[in-house]
Structures are given as C-alpha cells and as structure tokens.
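A quick write-up on the structure given underneath.
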Amino acid sequence: MNIKEGARVLAIAESFKRNHGDAVLVCLVYRLDGIIDGIEIGRNTVGGKDSTENILRLIESMGREDINYILLSGAVISWFNIVDINEIYWRTGIPVIVATYEESKGLIPYLIKYFKDWEDRVLSYLTLGDRLPVKLSTGYTIYIRCIGIDTSTASKLIDRITFHGRYPEPIRIAKMIANSILNSCILKR
C-alpha cells in the first residue's frame, strides 16, 4: 500500500487525571505536508467504558470525507477505558493505527486489581491483539497495532510523521492541546 502525498491523518490523543471524572479527547487532522487541517474536542470517562463511542462521535462530528488514516495514541486510554479499534475500523472504513511508546508485560493484572467488571475488560483488551515494535529514524522504538493497513505501510507512515523523539507529530500536538484544556479546566474548579 502506497502513502499518498496529500494523505490526511486523524490523530487522537487524550489527557486525564485519575480523580477527575472526565478526560479530554482531541482529534486533530494532520496533512502529510505538516499542515493542521482541523481539530475537534470531546470528553471521555475516566475509568469508563465509553471511549469507542466517544471517539466515533468525534470523528462523525468532524464531517470529514478526506481522512486516510486514524492514528490513536494508545488503545487503553483514560485510566483503562479500552478502545475497540476493530469497531472504529468497521464503522468508519478508515485504517486504524494504534501507537504506544513503552514496552509492557500487559495490563491484565491491573484490570483484575482495579475493576469489578474485569472479565469484560480483559476480553476487550485481548481483542486488541499484539503490539509490534517499530524502529523509527529518530532512533526510538514504538509499538503499533494495525487494522485495515499492513504493518509495513503503517511503520512507514509513523516514521514519516515523527520528527524527533518517539511521538508522531500529530499525536504530540493533539496531546499538548488536550493537556492544556484539561489543566485550564482543573484550575477553574
């Protein structure tokens, strides 16, 4: 699969504080030429089970027909609110790439420890599949999951939009916006 020059990536990042009921979700449309081409902001429940529907609602509210890839900063967000990446791909028809940034032995022990409904959460977590390491030109390794796109193409895309460190540029920008919004909301309380 070739990456088109005019491709647009819908990057989704979040920010939360564990004792704060809502997380901030930011969807950012990023053109491969480095232009930010749209932003949408929403909420997610910290420790909830609504991340998939909240993300789909944000994507739909953007009303964009020109998105080529969805890039998520993690599939387990907002303190164990698990994103069903298969559902997002199925409902949008847009390839989904999930990027994570650290090695992990998995989250199952934490799901069992913190949640009464841990069986459901473990099943949701297991449907995400394995993460694959990707060595970036920056020298860092990140870990990806892909739906609707092959690993090789996803790796090339991630590498192309990661300029320094391990965070792809649209994720880095979306995360900064989410952090800023969350911090400004917390300070007003």
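Starting from 1 in every chain, residues are counted up; chains themselves are A, B, ... following the order of the structure tokens, and ligands are numbered from 1 as listed.
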
With a distance cut-off of 10 Å and only C-alpha atoms, select the neighbouring residues of segment 115-132 of chain A, excluding the residue or stretch itself and same-chain residues fewer than 4 positions from it, and output the selection as a compact mmCIF listing (two decimals) with C-alpha atoms, in the first residue's frame.
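Output file result27.txt is given in full below:
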```txt
# COMPACT_ATOMS: atom_id res chain seq x y z
CA GLY A 47 -12.16 4.56 34.15
CA LYS A 49 -16.16 2.02 29.00
CA ALA A 75 -5.96 1.85 22.79
CA VAL A 76 -6.27 1.78 26.57
CA PHE A 80 -8.33 1.69 31.39
CA ASN A 81 -11.12 2.89 29.10
CA ILE A 82 -10.44 0.41 26.29
CA VAL A 83 -10.94 1.47 22.67
CA ASP A 84 -12.42 -1.15 20.34
CA ILE A 85 -10.20 -0.47 17.34
CA ASN A 86 -11.96 -3.15 15.28
CA VAL A 98 -2.51 2.50 17.45
CA ALA A 99 0.83 3.76 18.72
CA THR A 100 2.21 3.14 22.19
CA GLU A 103 7.38 -1.89 26.48
CA SER A 104 4.77 -3.57 28.63
CA GLY A 106 0.36 -6.27 29.60
CA LEU A 107 -2.45 -4.74 31.60
CA ILE A 108 -4.46 -7.78 32.71
CA PRO A 109 -3.21 -7.71 36.33
CA TYR A 110 -4.29 -4.06 36.62
CA LEU A 111 -7.71 -4.74 35.13
CA THR A 141 11.21 2.22 19.14
CA ILE A 142 7.44 2.47 19.39
CA TYR A 143 4.81 -0.28 19.36
CA ILE A 144 1.88 -0.44 16.97
CA ARG A 145 -1.33 -2.31 16.31
CA CYS A 146 -2.96 -2.01 12.88
CA ILE A 147 -6.39 -2.68 11.43
CA THR A 151 2.39 -3.20 9.31
CA SER A 155 5.51 1.79 10.04
```

Enumerate, as a PyMOL selection string, the complete set of residues in chain A that a backbone-based DSSP assignment places in helix (DSSP H, G or I). chain A and resi 51-62+85-92+108-114+118-126+151-160+169-188

Ser61 of chain A surroundings by only C-alpha atoms, 12 Å radius, close-in-sequence under 6 positions cut, as number ranges by chain: A: 27, 38-42, 54-55

Would you please give, as a PyMOL selection string, all residues of chain A that DSSP assigns to strand (DSSP E or B) based on the backbone? chain A and resi 8-15+22-31+36-45+69-73+76-77+81-82+96-100+132-135+141-147

Calculated over only C-alpha atoms, which of the candidates A:Ile59, A:Val9, A:Leu72, A:Ala154 has the smallest distance to Ile36 of chain A? A:Val9

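In this comparison, which uses only C-alpha atoms, the residue of A:Val134, A:Leu32, A:Ile88, A:Ile149 approaching Glu60 of chain A most closely is A:Ile88.
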
Closest of A:Ile171, A:Ile112, A:Leu136, A:Ala7 to Gly74 of chain A - atom-to-atom distances counting only C-alpha atoms: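 For Gly74 of chain A, the nearest of the given residues is A:Ile171.
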
For atom CA of Ser152 of chain A and atom CA of Leu10 of chain A, quote the distance in Å rounded to one decimal.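 Computing it gives 19.0 Å between the two atoms.
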
Point out the residue among A:Tyr69, A:Tyr30, A:Tyr89, A:Trp79 with the least atom-to-atom distance to Ser15 of chain A, counting only C-alpha atoms.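 Of A:Tyr69, A:Tyr30, A:Tyr89, A:Trp79, the one nearest Ser15 of chain A is A:Trp79, counting only C-alpha atoms.
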
Return as a Markdown table the residues of segment 31-87 of chain A lying at most 10 Å from segment 16-20 of chain A, together with the closest atom-to-atom pair for each and the distance in Å to one decimal, counting only C-alpha atoms, with rows in chain order and ascending residue number.
```
| residue | atom | partner | partner_atom | distance |
| --- | --- | --- | --- | --- |
| A:Arg43 | CA | A:Phe16 | CA | 9.8 |
| A:Asn44 | CA | A:Phe16 | CA | 8.9 |
| A:Thr45 | CA | A:His20 | CA | 9.0 |
| A:Val46 | CA | A:Arg18 | CA | 6.6 |
| A:Gly47 | CA | A:Arg18 | CA | 8.0 |
| A:Ile77 | CA | A:Phe16 | CA | 8.9 |
| A:Ser78 | CA | A:Phe16 | CA | 6.0 |
| A:Trp79 | CA | A:Arg18 | CA | 6.7 |
```

Expected file contents, prior selection, C-alpha atoms, as a compact mmCIF listing (two decimals), in the first residue's frame:
```
# COMPACT_ATOMS: atom_id res chain seq x y z
CA ARG A 43 -14.74 14.06 26.53
CA ASN A 44 -14.14 10.57 27.76
CA THR A 45 -15.00 8.98 31.10
CA VAL A 46 -12.00 8.27 33.32
CA GLY A 47 -12.16 4.56 34.15
CA ILE A 77 -6.88 5.41 27.47
CA SER A 78 -8.39 7.48 30.27
CA TRP A 79 -7.41 5.02 33.01
```

Using only C-alpha atoms, which residue out of A:His164, A:Lys113, A:Lys135, A:Lys4 lies closest to Asp66 of chain A?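 Residue with the minimum atom-to-atom distance to Asp66 of chain A: A:Lys4.
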
Just checking: using only C-alpha atoms, which residue out of A:Trp90, A:Val29, A:Glu53, A:Asn179 ends up closest to Ile67 of chain A? A:Val29

So which residues touch Cys185 of chain A within 12 Å, counting only C-alpha atoms, skipping near sequence neighbours fewer than 2 positions away, as a PyMOL selection string? chain A and resi 15-17+20-24+178-183+187-189

Let's have the selection written as a PDB file, in the first residue's frame, with N, CA and C atoms.
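The new file again32.pdb reads:
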```pdb
ATOM      1  N   SER A  15      -5.994  13.477  27.547  1.00  0.00           N
ATOM      2  CA  SER A  15      -5.345  13.869  28.792  1.00  0.00           C
ATOM      3  C   SER A  15      -6.357  13.657  29.914  1.00  0.00           C
ATOM      4  N   PHE A  16      -5.878  13.141  31.034  1.00  0.00           N
ATOM      5  CA  PHE A  16      -6.790  12.920  32.157  1.00  0.00           C
ATOM      6  C   PHE A  16      -6.023  12.953  33.473  1.00  0.00           C
ATOM      7  N   LYS A  17      -6.780  13.154  34.518  1.00  0.00           N
ATOM      8  CA  LYS A  17      -6.286  12.989  35.885  1.00  0.00           C
ATOM      9  C   LYS A  17      -7.187  11.926  36.502  1.00  0.00           C
ATOM     10  N   HIS A  20     -10.333  12.919  38.357  1.00  0.00           N
ATOM     11  CA  HIS A  20     -11.152  13.890  37.637  1.00  0.00           C
ATOM     12  C   HIS A  20     -12.085  13.078  36.738  1.00  0.00           C
ATOM     13  N   GLY A  21     -13.388  13.287  36.795  1.00  0.00           N
ATOM     14  CA  GLY A  21     -14.370  12.432  36.118  1.00  0.00           C
ATOM     15  C   GLY A  21     -14.235  12.325  34.619  1.00  0.00           C
ATOM     16  N   ASP A  22     -13.804  13.404  33.978  1.00  0.00           N
ATOM     17  CA  ASP A  22     -13.733  13.396  32.523  1.00  0.00           C
ATOM     18  C   ASP A  22     -12.303  13.592  32.038  1.00  0.00           C
ATOM     19  N   ALA A  23     -11.992  12.888  30.976  1.00  0.00           N
ATOM     20  CA  ALA A  23     -10.750  13.105  30.242  1.00  0.00           C
ATOM     21  C   ALA A  23     -11.073  13.989  29.045  1.00  0.00           C
ATOM     22  N   VAL A  24     -10.061  14.642  28.519  1.00  0.00           N
ATOM     23  CA  VAL A  24     -10.204  15.450  27.311  1.00  0.00           C
ATOM     24  C   VAL A  24      -9.687  14.631  26.135  1.00  0.00           C
ATOM     25  N   ALA A 178      -4.746  18.701  24.440  1.00  0.00           N
ATOM     26  CA  ALA A 178      -5.544  18.022  25.469  1.00  0.00           C
ATOM     27  C   ALA A 178      -5.051  18.369  26.872  1.00  0.00           C
ATOM     28  N   ASN A 179      -3.730  18.353  27.067  1.00  0.00           N
ATOM     29  CA  ASN A 179      -3.170  18.704  28.381  1.00  0.00           C
ATOM     30  C   ASN A 179      -3.526  20.133  28.763  1.00  0.00           C
ATOM     31  N   SER A 180      -3.417  21.043  27.821  1.00  0.00           N
ATOM     32  CA  SER A 180      -3.715  22.447  28.089  1.00  0.00           C
ATOM     33  C   SER A 180      -5.176  22.637  28.472  1.00  0.00           C
ATOM     34  N   ILE A 181      -6.072  21.986  27.735  1.00  0.00           N
ATOM     35  CA  ILE A 181      -7.501  22.092  28.052  1.00  0.00           C
ATOM     36  C   ILE A 181      -7.794  21.513  29.422  1.00  0.00           C
ATOM     37  N   LEU A 182      -7.264  20.331  29.700  1.00  0.00           N
ATOM     38  CA  LEU A 182      -7.517  19.692  30.999  1.00  0.00           C
ATOM     39  C   LEU A 182      -6.995  20.565  32.132  1.00  0.00           C
ATOM     40  N   ASN A 183      -5.785  21.063  31.998  1.00  0.00           N
ATOM     41  CA  ASN A 183      -5.208  21.891  33.063  1.00  0.00           C
ATOM     42  C   ASN A 183      -5.984  23.181  33.250  1.00  0.00           C
ATOM     43  N   LEU A 187      -7.922  24.090  36.806  1.00  0.00           N
ATOM     44  CA  LEU A 187      -7.614  25.311  37.537  1.00  0.00           C
ATOM     45  C   LEU A 187      -8.847  26.151  37.801  1.00  0.00           C
ATOM     46  N   LYS A 188      -9.880  26.039  36.969  1.00  0.00           N
ATOM     47  CA  LYS A 188     -11.106  26.814  37.145  1.00  0.00           C
ATOM     48  C   LYS A 188     -12.017  26.228  38.196  1.00  0.00           C
ATOM     49  N   ARG A 189     -11.786  25.023  38.621  1.00  0.00           N
ATOM     50  CA  ARG A 189     -12.668  24.374  39.608  1.00  0.00           C
ATOM     51  C   ARG A 189     -12.399  24.842  40.997  1.00  0.00           C
TER      52      ARG A 189
END
```

Applying 12 Å and only C-alpha atoms, which residues near Ser137 of chain A remain after dropping the ones on its own chain fewer than 2 positions away? List them as a list in words.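 In the requested format, the answer is Val134, Lys135, Gly139, Tyr140, Thr141, Ile142, Ser155, Lys156, Leu157, Ile158, Asp159, Arg160, Ile161, Thr162, Phe163, His164, Gly165, Arg166, Tyr167 and Pro168 of chain A.
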
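Atom CA of Gly6 of chain A is positioned 18.5 Å from atom CA of Met62 of chain A.
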